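J.: Sharing a structure with you now.
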Amino acid sequence: MKQKITTTLIILQCMFLMQHSAYSQKAANQLTWKLMPQSDVAVAGEKVSLPGFASDNWVAAIVPGTVFYSYVVAGKEPNPDYADNIYKVDKTKYNKPFWYRTEFATPKVSSDKRIWLNFNGIHKIGTIYFNGHHLGTLKGVVERGKYDITGMVNKGKANAIAVLVSPPINDPEHNHGLANHESPTYVCSAGWDWMPPVPGYNSGITDSVTISTTGAVSVEDPWVRADLPNNNLANLTLGVNLRNALATPVKGVVKAVINPGNITITGPQVTIDANSSKEVMYNQKDFSKLSIKNPELWWPNGYGGKADGTQHLYTCTVRFELNGAGISDASTKVFGIRKITSDTTALNGPMRVCINGVPVLLKGGNWGMSDYMLKVRGADYEPRIRLHKEMNYNVIRNWTGEVTDEAFYDYCDKYGIMVWDDFWLNNFGPIDSLSIFKRNAIEKVKRLRNHPSIVIWCGANEGVPGGDPKGPLNMAIKNAVKDNDGDDKIYIARSNASETNPNFSIHGGSRNLSGSGIWGNVDPKTYFTDPHNGYLFSKDSYGMRSELGAATFVNVESFKKFMPQEYWVPPTTEAVKSNTNMWAKHYFCTDGALGGGSDPVRYINDINSRYGASATIEDFCKKAQLMNVETLKAMYEAWNDHMWNDASGMLIWMSQSAYPTMIWQTYDYYFDLTGAYFGCKTACEPVHIQWNAATNSVKVINNRPYAVKAVTAEAQVYNSDGKVVSEYSQKATLDVNSTSVKEAFVVFAAGDTKPALSDVHFLKLKLFNAQGKLLSENFYWIGNTYLDYTALNKLPSVGASLLISKPVVAKASGSGQTLLTYTITNQSATTAAVGIRAQLLNDKGEQILPAIFDDGYFSLMQGETKTLHVEVDPKILGSKYALSVKAYND
């Protein structure tokens with residue numbers, strides 16, 4: 001007998017290739033969704049969902065996507081990224097219900113098959129119709145709908161789907177904000193201190209819509225859990241829900257195949273009652289094959305994995321075979337094998353996370369939203385998560401659960417990025433509907449539980465859900481996790497403190513989390529000596545900090561993409577005090593609602609005092625990048641310095657750019673890599689050598705789960721002319737235990753009678769393994785007067801003395817991208833080349849983005865050569881490109 005399994009016959013979504021500036025479109029398939037305001041449609045859903053209903057004048061819709069973004073792509077709104085365009089939109093056009101509609105031909109299926117219409121997410125309320133029938137209503141952000149339309153399809157004819165999408169705050173009786181009354185929702189869609197309010201509050205069909213076929217029984221939500229008695233043995237538990245769509249009982253067996261290993265099991269016969277579901281579960285007691293010896297473990301980035309930097313993942317295909325009727329349905333899930341534990345005793349208070357028994361210093365960032373209009377989908381996540389991996393990050397916090405796309409988690413799984421996953425709450429509430437929230441919480445856990453990247457479930461941002469650890473809202477979340485994901489992940493109720501600490505209070509007895517903030521820059525010494533924030537319970541604790549941020553000005557090329565020409569001048573402390581000008585519209589403003597937490601006045605003053613006042617925006621952007629490098633590197637290196645001596649992790653606020661702005665980012669909205677990106681990348685190396693600006697101590701940080709033996713630490717000091725001052729050179733050989741810190745030596749010791757140094761001089765650190773291979777390299781510019789780097793402005797221009805080789809072109813391992821290798825040499829006989837920025841340009845002189853550079857804002861001393869690797873998608877690289885390098889002193 002020829003056996004058939006579930007087939008997804010139609011993906012009911014329009015995919016588009018987007019360009020930030022023009023928002024052009026290109027359909028990737030022939031199926032077209034359209035939308036129109038409900039107020040412009042005079043009939044009910046039963047009529048709208050009939051085939052042939054006139055919709056010629058409707059607007060082409062992006063599915064998955066939002067109402068507002070569909071209008072942007074259709075050219076009915078000017079580019080909302082630019083200037084203050086989004087603030088000028090008439091929001092009443094979008095803050096109301098819209099009809100979505102599409103038609104499709106009936107798929108050819110055999111008579112014994114069931115046809116299903118599947119929705120994976122509608123924001124906020126979706127009322128669904130098919131061929132004149134009301135199927136159901138979905139509410140929230142991740143509630144799924146699976147509808148049996150077998151008896152409703154028009155065989156051999158057209159079929160129609162209509163969905164009435166109602167946005168949040170669509171009830172005139174409720175005069176309240178989006179957060180938290182409307183949760184579950186995209187809480188920042190009404191605006192936050194880093195992105196503008198979005199017309200329509202990002203309402204739309206925000207996840208995939210598909211039509212699939214099964215036999216009588218469908219296989220739903222397979223779940224594979226791994227218990228590790230030790231790292232050499234994994235005991236798996238396999239669970240699955242079986243749904244019988246017939247009016248009579250059916251019998252059959254569950255079969256599963258796990259790879260790698262071709263582990264195959266066949267369960268005992270199962271009877272499923274009519275029109276009902278049944279959960280079955282198997283473990284190693286049922287099948288010895290479910291005990292895997294020497295499993296391939298999933299590790300956080302930097303702690304283990306494959307040679308190409310990706311992680312070990314398994315697949316499990318579960319199918320149900322009907323007695324005498326073949327395969328009814330099958331489903332495949334990807335999972336990973338790893339063990340998550342945590343404690344608050346090892347460090348006498350702060351929470352420490354261990355993966356596979358190894359303590360992990362959490363280093364990463366907060367991800368507020370993938371894009372303020374929710375236009376990031378599918379493969380769009382790859383470069384974003386890859387850049388986090390290349391920054392040597394090991395964790396991303398999905399702040400208030402703003403990311404609902406499974407592709408985000410897929411790439412985190414692949415690249416070893418742990419996910420700290422919030423639910424949809426800022427502080428403690430209140431919310432309008434506990435039942436809607438509870439349903440969505442259960443759906444979220446069921447959808448995502450197989451992802452090995454998820455390590456922490458978190459109830460709310462900076463507050464206990466509902467304000468009470470034992471109250472109905474927090475318990476709804478805890479029970480959703482417990483009942484549907486067991487206890488193999490960490491659950492915390494609040495992102496920045498223990499659930500026992502009072503809400504909205506700087507007081508409390510627990511130090512398991514060390515508060516949140518500050519969000520504006522301070523100087524490097526302060527990061528090393530004062531872990532301060534606003535919370536008294538953690539004022540002297542590095543601990544586990546869920547948010548620490550600083551303004552991050554962009555490069556001038558990006559700046560000019562979103563700021564009007566009249567603003568192409570250096571920002572002033574007076575200009576950023578306005579809450580109505582263009583600086584404020586892009587969140588470089590002292591108003592707390594417009595990014596004031598980033599302290600732009602201090603940021604401007606620090607750039608001007610450290611590097612000198614700027615006459616042009618180009619000069620200001622250049623100077624800002626050096627401060628971005630110094631600031632972000634110092635943040636992480638301070639936590640490195642205190643690793644396990646109170647410090648257990650730190651996440652910057654923020655690592656992902658969702659809107660064109662000058663604050664809280666590493667790479668910017670256009671994928672340009674700022675100095676912050678490279679400061680983070682250097683400081684977060686798995687094996688790292690660093691200098692403490694406060695004590696002059698040079699330490700080696702080993703995050704690896706194994707000791708590094710006989711490594712040699714070297715320090716060299718250079719004057720601003722790029723010549724070494726050999727009297728300051730030091731070297732030490734040492735062993736560093738796994739996941740630990742060890743001092744190598746102290747530089748610039750008090751009382752030294754060594755030669756005087758130039759006003760700005762340089763410290764270069766290198767770490768070599770026993771075979772002489774370079775493990776880590778670090779570079780600092782230092783002023784004889786602390787933080788005075790103005791002497792850099794007097795350096796001779798390096799100009800044409802920077803020699804760039806022709807690229808060696810190869811294919812990057814594992815990614816399919818093009819790898820370009822350049823060598824860059826400073827041939828100057830008079831100066832160091834400081835803060836060299838490298839860019840890949842096309843024949844029009846435009847940046848080729850995204851491109852992954854393995855270094856940036858690096859410096860070369862006289863005669864020094866640097867090997868630079870650039871990885872880029874060959875489709876955007878083309879054949880006419882060139883590497884541009886420009887030093888600070890150029």
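Each chain in the structure tokens gets a letter, A, B and so on, in the order shown; residues start at 1 in every chain, and ligands are counted from 1 in the order they appear.
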Tell me which protein, DNA and RNA residues are within 9 Å of Tyr667 in chain A, counting only C-alpha atoms, leaving out same-chain ones fewer than 2 positions away, and put them as an mmCIF file with all heavy atoms, in the first residue's frame.
T.:
```cif
data_model
loop_
_atom_site.group_PDB
_atom_site.id
_atom_site.type_symbol
_atom_site.label_atom_id
_atom_site.label_comp_id
_atom_site.auth_asym_id
_atom_site.auth_seq_id
_atom_site.Cartn_x
_atom_site.Cartn_y
_atom_site.Cartn_z
ATOM 1 N N ARG A 384 20.739 38.495 11.938
ATOM 2 C CA ARG A 384 20.638 39.116 13.259
ATOM 3 C C ARG A 384 21.157 38.191 14.358
ATOM 4 O O ARG A 384 21.936 38.608 15.217
ATOM 5 C CB ARG A 384 19.181 39.527 13.522
ATOM 6 C CG ARG A 384 18.699 40.663 12.623
ATOM 7 C CD ARG A 384 17.189 40.816 12.663
ATOM 8 N NE ARG A 384 16.750 42.043 11.979
ATOM 9 C CZ ARG A 384 16.576 42.153 10.668
ATOM 10 N NH1 ARG A 384 16.799 41.103 9.880
ATOM 11 N NH2 ARG A 384 16.176 43.302 10.124
ATOM 12 N N LEU A 387 24.934 37.650 13.936
ATOM 13 C CA LEU A 387 25.742 38.746 14.473
ATOM 14 C C LEU A 387 25.875 38.634 15.989
ATOM 15 O O LEU A 387 26.926 38.957 16.545
ATOM 16 C CB LEU A 387 25.142 40.092 14.079
ATOM 17 C CG LEU A 387 25.305 40.477 12.606
ATOM 18 C CD1 LEU A 387 24.496 41.725 12.276
ATOM 19 C CD2 LEU A 387 26.767 40.691 12.246
ATOM 20 N N VAL A 554 25.214 56.109 15.745
ATOM 21 C CA VAL A 554 25.488 55.344 14.525
ATOM 22 C C VAL A 554 26.584 56.020 13.705
ATOM 23 O O VAL A 554 26.994 57.151 13.969
ATOM 24 C CB VAL A 554 24.213 55.218 13.683
ATOM 25 C CG1 VAL A 554 23.173 54.388 14.413
ATOM 26 C CG2 VAL A 554 23.642 56.591 13.326
ATOM 27 N N SER A 655 20.711 44.906 22.372
ATOM 28 C CA SER A 655 21.666 44.430 21.373
ATOM 29 C C SER A 655 21.097 44.449 19.961
ATOM 30 O O SER A 655 21.853 44.344 18.988
ATOM 31 C CB SER A 655 22.110 43.005 21.711
ATOM 32 O OG SER A 655 20.991 42.130 21.815
ATOM 33 N N GLN A 656 19.802 44.582 19.813
ATOM 34 C CA GLN A 656 19.127 44.513 18.514
ATOM 35 C C GLN A 656 18.450 45.838 18.231
ATOM 36 O O GLN A 656 17.816 46.425 19.104
ATOM 37 C CB GLN A 656 18.122 43.366 18.528
ATOM 38 C CG GLN A 656 16.893 43.527 17.657
ATOM 39 C CD GLN A 656 17.172 43.421 16.176
ATOM 40 O OE1 GLN A 656 18.255 43.004 15.766
ATOM 41 N NE2 GLN A 656 16.214 43.783 15.362
ATOM 42 N N SER A 657 18.578 46.320 17.000
ATOM 43 C CA SER A 657 17.994 47.599 16.617
ATOM 44 C C SER A 657 16.673 47.378 15.897
ATOM 45 O O SER A 657 16.634 46.746 14.845
ATOM 46 C CB SER A 657 18.951 48.375 15.706
ATOM 47 O OG SER A 657 18.389 49.609 15.327
ATOM 48 N N GLN A 665 22.027 49.899 21.062
ATOM 49 C CA GLN A 665 22.157 48.966 19.951
ATOM 50 C C GLN A 665 23.615 48.562 19.811
ATOM 51 O O GLN A 665 24.506 49.189 20.381
ATOM 52 C CB GLN A 665 21.650 49.606 18.658
ATOM 53 C CG GLN A 665 22.362 50.906 18.276
ATOM 54 C CD GLN A 665 21.599 51.724 17.254
ATOM 55 O OE1 GLN A 665 20.866 51.199 16.427
ATOM 56 N NE2 GLN A 665 21.756 53.041 17.326
ATOM 57 N N TYR A 669 20.125 49.685 12.622
ATOM 58 C CA TYR A 669 18.918 49.252 11.908
ATOM 59 C C TYR A 669 19.234 48.745 10.502
ATOM 60 O O TYR A 669 18.480 47.956 9.941
ATOM 61 C CB TYR A 669 17.961 50.437 11.842
ATOM 62 C CG TYR A 669 16.578 50.139 11.321
ATOM 63 C CD1 TYR A 669 15.704 49.320 12.026
ATOM 64 C CD2 TYR A 669 16.131 50.711 10.131
ATOM 65 C CE1 TYR A 669 14.419 49.068 11.559
ATOM 66 C CE2 TYR A 669 14.851 50.465 9.661
ATOM 67 C CZ TYR A 669 14.004 49.636 10.381
ATOM 68 O OH TYR A 669 12.728 49.401 9.910
ATOM 69 N N TYR A 670 20.340 49.208 9.944
ATOM 70 C CA TYR A 670 20.706 48.849 8.570
ATOM 71 C C TYR A 670 21.801 47.791 8.528
ATOM 72 O O TYR A 670 22.368 47.540 7.460
ATOM 73 C CB TYR A 670 21.138 50.107 7.815
ATOM 74 C CG TYR A 670 20.124 51.220 7.914
ATOM 75 C CD1 TYR A 670 20.270 52.239 8.856
ATOM 76 C CD2 TYR A 670 18.996 51.244 7.097
ATOM 77 C CE1 TYR A 670 19.331 53.257 8.973
ATOM 78 C CE2 TYR A 670 18.049 52.253 7.206
ATOM 79 C CZ TYR A 670 18.223 53.256 8.146
ATOM 80 O OH TYR A 670 17.282 54.257 8.261
ATOM 81 N N PHE A 671 22.131 47.212 9.667
ATOM 82 C CA PHE A 671 23.174 46.184 9.823
ATOM 83 C C PHE A 671 24.584 46.757 9.827
ATOM 84 O O PHE A 671 25.555 45.991 9.785
ATOM 85 C CB PHE A 671 23.089 45.095 8.744
ATOM 86 C CG PHE A 671 21.898 44.205 8.847
ATOM 87 C CD1 PHE A 671 20.932 44.195 7.852
ATOM 88 C CD2 PHE A 671 21.742 43.344 9.916
ATOM 89 C CE1 PHE A 671 19.832 43.363 7.925
ATOM 90 C CE2 PHE A 671 20.645 42.507 10.010
ATOM 91 C CZ PHE A 671 19.683 42.513 9.006
ATOM 92 N N ASP A 672 24.745 48.059 9.855
ATOM 93 C CA ASP A 672 26.098 48.594 9.984
ATOM 94 C C ASP A 672 26.607 48.291 11.392
ATOM 95 O O ASP A 672 25.880 48.443 12.378
ATOM 96 C CB ASP A 672 26.111 50.101 9.724
ATOM 97 C CG ASP A 672 27.518 50.661 9.674
ATOM 98 O OD1 ASP A 672 28.398 49.990 9.109
ATOM 99 O OD2 ASP A 672 27.735 51.755 10.214
ATOM 100 N N LEU A 673 27.867 47.876 11.482
ATOM 101 C CA LEU A 673 28.441 47.461 12.755
ATOM 102 C C LEU A 673 29.087 48.666 13.431
ATOM 103 O O LEU A 673 30.094 49.199 12.958
ATOM 104 C CB LEU A 673 29.482 46.356 12.531
ATOM 105 C CG LEU A 673 28.992 45.156 11.698
ATOM 106 C CD1 LEU A 673 30.109 44.128 11.540
ATOM 107 C CD2 LEU A 673 27.761 44.518 12.323
ATOM 108 N N THR A 674 28.510 49.096 14.536
ATOM 109 C CA THR A 674 29.044 50.243 15.261
ATOM 110 C C THR A 674 30.242 49.818 16.106
ATOM 111 O O THR A 674 30.545 48.630 16.254
ATOM 112 C CB THR A 674 27.985 50.860 16.176
ATOM 113 O OG1 THR A 674 27.764 49.970 17.286
ATOM 114 C CG2 THR A 674 26.674 51.097 15.436
ATOM 115 N N GLY A 675 30.888 50.804 16.716
ATOM 116 C CA GLY A 675 31.978 50.489 17.631
ATOM 117 C C GLY A 675 31.509 49.639 18.792
ATOM 118 O O GLY A 675 32.263 48.823 19.336
ATOM 119 N N ALA A 676 30.234 49.792 19.200
ATOM 120 C CA ALA A 676 29.691 48.978 20.288
ATOM 121 C C ALA A 676 29.755 47.501 19.949
ATOM 122 O O ALA A 676 30.058 46.660 20.809
ATOM 123 C CB ALA A 676 28.255 49.397 20.577
ATOM 124 N N TYR A 677 29.442 47.161 18.707
ATOM 125 C CA TYR A 677 29.491 45.761 18.268
ATOM 126 C C TYR A 677 30.872 45.165 18.519
ATOM 127 O O TYR A 677 31.006 44.070 19.084
ATOM 128 C CB TYR A 677 29.122 45.679 16.783
ATOM 129 C CG TYR A 677 29.278 44.296 16.169
ATOM 130 C CD1 TYR A 677 28.210 43.419 16.127
ATOM 131 C CD2 TYR A 677 30.497 43.890 15.618
ATOM 132 C CE1 TYR A 677 28.350 42.158 15.558
ATOM 133 C CE2 TYR A 677 30.638 42.637 15.048
ATOM 134 C CZ TYR A 677 29.566 41.770 15.024
ATOM 135 O OH TYR A 677 29.722 40.521 14.462
#
```
J.: Contacts of range 250-265 of chain A at 6 Å or less, counting only C-alpha atoms, minus same-chain residues fewer than 5 places along, as a list in words?
T.: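 So, after excluding close chain neighbours, the residues are Val270, Thr271, Ile272, Tyr314, Thr315, Cys316, Thr317, Val318, Arg319, Phe320, Glu321, Leu322 and Asn323 of chain A.
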J.: Dump all heavy atoms for the selected residues as a CSV table (one decimal), in the first residue's frame?
T.:
```csv
chain,number,residue,atom,x,y,z
A,270,VAL,N,-2.9,2.0,20.3
A,270,VAL,CA,-3.6,3.1,21.0
A,270,VAL,C,-5.0,3.2,20.4
A,270,VAL,O,-5.2,3.1,19.1
A,270,VAL,CB,-2.9,4.4,20.8
A,270,VAL,CG1,-3.6,5.5,21.5
A,270,VAL,CG2,-1.5,4.3,21.4
A,271,THR,N,-6.0,3.4,21.2
A,271,THR,CA,-7.4,3.6,20.8
A,271,THR,C,-7.7,5.1,21.1
A,271,THR,O,-7.5,5.5,22.3
A,271,THR,CB,-8.4,2.7,21.5
A,271,THR,OG1,-8.1,1.3,21.1
A,271,THR,CG2,-9.8,3.0,21.0
A,272,ILE,N,-8.2,5.8,20.2
A,272,ILE,CA,-8.6,7.2,20.4
A,272,ILE,C,-10.1,7.3,20.2
A,272,ILE,O,-10.6,7.0,19.1
A,272,ILE,CB,-7.8,8.1,19.4
A,272,ILE,CG1,-6.3,7.8,19.4
A,272,ILE,CG2,-8.1,9.6,19.7
A,272,ILE,CD1,-5.6,8.5,18.3
A,314,TYR,N,19.1,17.4,17.2
A,314,TYR,CA,18.5,16.1,16.8
A,314,TYR,C,17.2,16.4,16.2
A,314,TYR,O,16.6,17.5,16.4
A,314,TYR,CB,18.3,15.2,18.0
A,314,TYR,CG,19.5,14.6,18.6
A,314,TYR,CD1,20.4,15.3,19.4
A,314,TYR,CD2,19.8,13.3,18.4
A,314,TYR,CE1,21.5,14.8,20.0
A,314,TYR,CE2,20.9,12.7,18.9
A,314,TYR,CZ,21.8,13.4,19.7
A,314,TYR,OH,22.9,12.8,20.3
A,315,THR,N,16.7,15.5,15.4
A,315,THR,CA,15.3,15.5,14.9
A,315,THR,C,14.5,14.3,15.3
A,315,THR,O,15.1,13.2,15.5
A,315,THR,CB,15.2,15.6,13.3
A,315,THR,OG1,15.8,14.4,12.8
A,315,THR,CG2,16.0,16.8,12.8
A,316,CYS,N,13.3,14.5,15.6
A,316,CYS,CA,12.4,13.4,16.0
A,316,CYS,C,11.1,13.5,15.1
A,316,CYS,O,10.4,14.5,15.1
A,316,CYS,CB,12.0,13.5,17.4
A,316,CYS,SG,10.8,12.2,17.9
A,317,THR,N,10.9,12.5,14.3
A,317,THR,CA,9.7,12.4,13.4
A,317,THR,C,8.8,11.4,14.0
A,317,THR,O,9.1,10.2,14.3
A,317,THR,CB,10.1,11.9,12.0
A,317,THR,OG1,11.0,12.9,11.4
A,317,THR,CG2,8.8,11.8,11.1
A,318,VAL,N,7.6,11.9,14.4
A,318,VAL,CA,6.6,11.1,15.0
A,318,VAL,C,5.4,10.9,14.0
A,318,VAL,O,5.0,11.9,13.4
A,318,VAL,CB,6.0,11.7,16.3
A,318,VAL,CG1,5.0,10.8,16.9
A,318,VAL,CG2,7.2,12.0,17.3
A,319,ARG,N,5.0,9.7,13.8
A,319,ARG,CA,3.9,9.4,12.9
A,319,ARG,C,2.9,8.5,13.6
A,319,ARG,O,3.2,7.7,14.5
A,319,ARG,CB,4.3,8.9,11.6
A,319,ARG,CG,5.0,7.5,11.6
A,319,ARG,CD,5.4,7.1,10.2
A,319,ARG,NE,5.9,5.7,10.1
A,319,ARG,CZ,7.1,5.3,10.2
A,319,ARG,NH1,8.1,6.2,10.3
A,319,ARG,NH2,7.5,4.0,10.1
A,320,PHE,N,1.6,8.6,13.2
A,320,PHE,CA,0.6,7.7,13.7
A,320,PHE,C,0.1,6.8,12.5
A,320,PHE,O,-0.3,7.4,11.4
A,320,PHE,CB,-0.6,8.4,14.3
A,320,PHE,CG,-1.6,7.5,14.9
A,320,PHE,CD1,-1.3,7.0,16.2
A,320,PHE,CD2,-2.8,7.2,14.3
A,320,PHE,CE1,-2.2,6.2,16.8
A,320,PHE,CE2,-3.7,6.4,14.9
A,320,PHE,CZ,-3.4,5.9,16.2
A,321,GLU,N,0.2,5.5,12.7
A,321,GLU,CA,-0.3,4.6,11.6
A,321,GLU,C,-1.6,3.9,12.0
A,321,GLU,O,-1.7,3.3,13.1
A,321,GLU,CB,0.8,3.5,11.4
A,321,GLU,CG,2.1,4.1,10.8
A,321,GLU,CD,3.1,3.0,10.3
A,321,GLU,OE1,2.7,1.8,10.4
A,321,GLU,OE2,4.2,3.4,9.9
A,322,LEU,N,-2.6,4.1,11.2
A,322,LEU,CA,-3.9,3.5,11.5
A,322,LEU,C,-3.9,2.0,11.1
A,322,LEU,O,-3.2,1.6,10.2
A,322,LEU,CB,-5.0,4.2,10.6
A,322,LEU,CG,-5.2,5.7,10.9
A,322,LEU,CD1,-6.0,6.3,9.7
A,322,LEU,CD2,-6.0,5.8,12.2
A,323,ASN,N,-4.6,1.3,11.9
A,323,ASN,CA,-4.6,-0.2,11.7
A,323,ASN,C,-5.2,-0.4,10.3
A,323,ASN,O,-6.3,-0.1,10.0
A,323,ASN,CB,-5.5,-0.9,12.7
A,323,ASN,CG,-4.8,-1.0,14.0
A,323,ASN,OD1,-3.7,-0.6,14.2
A,323,ASN,ND2,-5.6,-1.5,15.0
```
J.: For Thr712 in chain A, list every protein, DNA or RNA residue within 10 Å, evaluated using only C-alpha atoms, and leave out those in the same chain fewer than 5 positions away; present the list as a VMD selection string.
T.: chain A and resid 700 731 to 735 744 766 to 775
J.: Let's have the selection written as a PDB file, in the first residue's frame, with C-alpha atoms.
T.:
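Full text of result.pdb as output:
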```pdb
ATOM      1  CA  VAL A 700      43.044  36.045  31.515  1.00  0.00           C
ATOM      2  CA  LYS A 731      55.236  38.426  29.577  1.00  0.00           C
ATOM      3  CA  ALA A 732      53.937  35.637  31.796  1.00  0.00           C
ATOM      4  CA  THR A 733      53.046  31.976  31.295  1.00  0.00           C
ATOM      5  CA  LEU A 734      50.173  30.582  33.320  1.00  0.00           C
ATOM      6  CA  ASP A 735      47.496  27.918  33.613  1.00  0.00           C
ATOM      7  CA  ALA A 744      48.850  37.512  34.673  1.00  0.00           C
ATOM      8  CA  LYS A 766      48.132  39.190  23.372  1.00  0.00           C
ATOM      9  CA  LEU A 767      47.505  35.673  24.618  1.00  0.00           C
ATOM     10  CA  PHE A 768      49.096  32.620  23.010  1.00  0.00           C
ATOM     11  CA  ASN A 769      48.584  28.922  23.610  1.00  0.00           C
ATOM     12  CA  ALA A 770      51.464  26.526  24.283  1.00  0.00           C
ATOM     13  CA  GLN A 771      51.960  26.038  20.539  1.00  0.00           C
ATOM     14  CA  GLY A 772      52.237  29.767  19.883  1.00  0.00           C
ATOM     15  CA  LYS A 773      48.762  30.202  18.384  1.00  0.00           C
ATOM     16  CA  LEU A 774      47.123  33.536  19.101  1.00  0.00           C
ATOM     17  CA  LEU A 775      44.075  33.034  21.347  1.00  0.00           C
TER      18      LEU A 775
END
```
J.: Please return as an MDAnalysis selection string: the residues of range 299-477 of chain A that backbone DSSP assigns to strand (DSSP E or B).
T.: chainID A and resid 314:322 326:335 337 340:343 352:355 358:360 362:367 395:398 418:422 426 454:461
J.: Please identify the helix (DSSP H, G or I) residues within range 110-345 of chain A (assignment by DSSP from backbone atoms) and present them as a list in words.
T.: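 DSSP-assigned helix (DSSP H, G or I) residues in range 110-345 of chain A: Val187, Cys188, Ser189, Ala190, Pro199, Gly200, Tyr201, Asn202, Ser288, Lys289 and Leu290 of chain A.
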J.: Please tabulate, as a Markdown table, the residues of range 524-638 of chain A that come within 9 Å of range 839-862 of chain A, each with its closest pair of atoms and the distance in Å to one decimal, counting only C-alpha atoms and ordering rows by chain, then residue number upward.
T.:
```
| residue | atom | partner | partner_atom | distance |
| --- | --- | --- | --- | --- |
| A:Glu557 | CA | A:Gln847 | CA | 8.4 |
| A:Gln625 | CA | A:Tyr857 | CA | 8.0 |
| A:Leu626 | CA | A:Tyr857 | CA | 7.5 |
| A:Val629 | CA | A:Tyr857 | CA | 8.0 |
```
J.: Next, the residues of the selection above should be written as an mmCIF file, in the first residue's frame with all heavy atoms.
T.:
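Written output follows (part.cif):
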```cif
data_model
loop_
_atom_site.group_PDB
_atom_site.id
_atom_site.type_symbol
_atom_site.label_atom_id
_atom_site.label_comp_id
_atom_site.auth_asym_id
_atom_site.auth_seq_id
_atom_site.Cartn_x
_atom_site.Cartn_y
_atom_site.Cartn_z
ATOM 1 N N GLU A 557 26.866 57.160 7.588
ATOM 2 C CA GLU A 557 26.101 56.645 6.446
ATOM 3 C C GLU A 557 24.682 56.278 6.869
ATOM 4 O O GLU A 557 23.705 56.574 6.163
ATOM 5 C CB GLU A 557 26.796 55.423 5.835
ATOM 6 C CG GLU A 557 28.141 55.713 5.209
ATOM 7 C CD GLU A 557 29.292 55.669 6.210
ATOM 8 O OE1 GLU A 557 29.036 55.512 7.428
ATOM 9 O OE2 GLU A 557 30.448 55.780 5.772
ATOM 10 N N GLN A 625 32.228 56.425 17.690
ATOM 11 C CA GLN A 625 32.518 54.991 17.582
ATOM 12 C C GLN A 625 33.641 54.567 18.533
ATOM 13 O O GLN A 625 33.601 53.471 19.101
ATOM 14 C CB GLN A 625 32.850 54.617 16.140
ATOM 15 C CG GLN A 625 31.743 54.893 15.146
ATOM 16 C CD GLN A 625 30.359 54.532 15.668
ATOM 17 O OE1 GLN A 625 30.143 53.438 16.177
ATOM 18 N NE2 GLN A 625 29.422 55.466 15.544
ATOM 19 N N LEU A 626 34.635 55.417 18.717
ATOM 20 C CA LEU A 626 35.696 55.065 19.657
ATOM 21 C C LEU A 626 35.152 55.022 21.077
ATOM 22 O O LEU A 626 35.526 54.139 21.870
ATOM 23 C CB LEU A 626 36.856 56.051 19.555
ATOM 24 C CG LEU A 626 37.694 56.006 18.280
ATOM 25 C CD1 LEU A 626 39.007 56.774 18.481
ATOM 26 C CD2 LEU A 626 37.995 54.590 17.830
ATOM 27 N N VAL A 629 33.191 51.765 21.441
ATOM 28 C CA VAL A 629 34.086 50.627 21.678
ATOM 29 C C VAL A 629 34.485 50.578 23.149
ATOM 30 O O VAL A 629 34.363 49.538 23.819
ATOM 31 C CB VAL A 629 35.356 50.723 20.799
ATOM 32 C CG1 VAL A 629 36.375 49.653 21.220
ATOM 33 C CG2 VAL A 629 35.029 50.565 19.322
#
```
J.: Considering only C-alpha atoms, return as a list in words whatever protein or nucleic-acid residues lie within 8 Å of Lys444 in chain A, sequence-local ones (same chain, fewer than 4 positions apart) excluded.
T.: Val142, Glu143, Asn440 and Leu448 of chain A
J.: Name all residues at most 10 Å from Glu443 in chain A (count only C-alpha atoms; drop same-chain ones fewer than 2 positions away) and give them as an NGL selection string.
T.: :A and (120 or 141-144 or 437-441 or 445-449 or 480 or 484)
J.: Calculate how many Å separate CA of Asp171 in chain A from CA of Lys124 in chain A, rounding to one decimal.
T.: 12.3 Å
J.: Which distance in Å separates CA of Thr616 in chain A and CA of Pro571 in chain A, to one decimal?
T.: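 Interatomic distance, CA of Thr616 in chain A to CA of Pro571 in chain A: 9.7 Å.
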J.: Residues at most 8 Å from Ala647 in chain A, counting only C-alpha atoms, excluding those fewer than 2 positions away in the same chain, as a list in words?
T.: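 Using only C-alpha atoms, the neighbours found are Pro350, Ser541, Tyr542, Gly543, Met544, Trp639, Asn640, His642, Met643, Trp644, Asn645 and Gly649 of chain A.
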J.: Any chance you could export the current selection's C-alpha atoms as a compact mmCIF listing (two decimals), in the first residue's frame?
T.:
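Final file, out.txt:
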```
# COMPACT_ATOMS: atom_id res chain seq x y z
CA PRO A 350 23.36 35.95 42.70
CA SER A 541 26.50 43.63 43.52
CA TYR A 542 27.49 42.87 39.95
CA GLY A 543 25.46 39.69 40.21
CA MET A 544 23.10 38.76 37.40
CA TRP A 639 31.74 41.49 34.73
CA ASN A 640 34.60 39.31 33.43
CA HIS A 642 34.41 39.86 38.84
CA MET A 643 33.35 36.48 37.39
CA TRP A 644 32.15 34.21 40.23
CA ASN A 645 33.34 36.89 42.65
CA GLY A 649 26.05 37.56 34.03
```
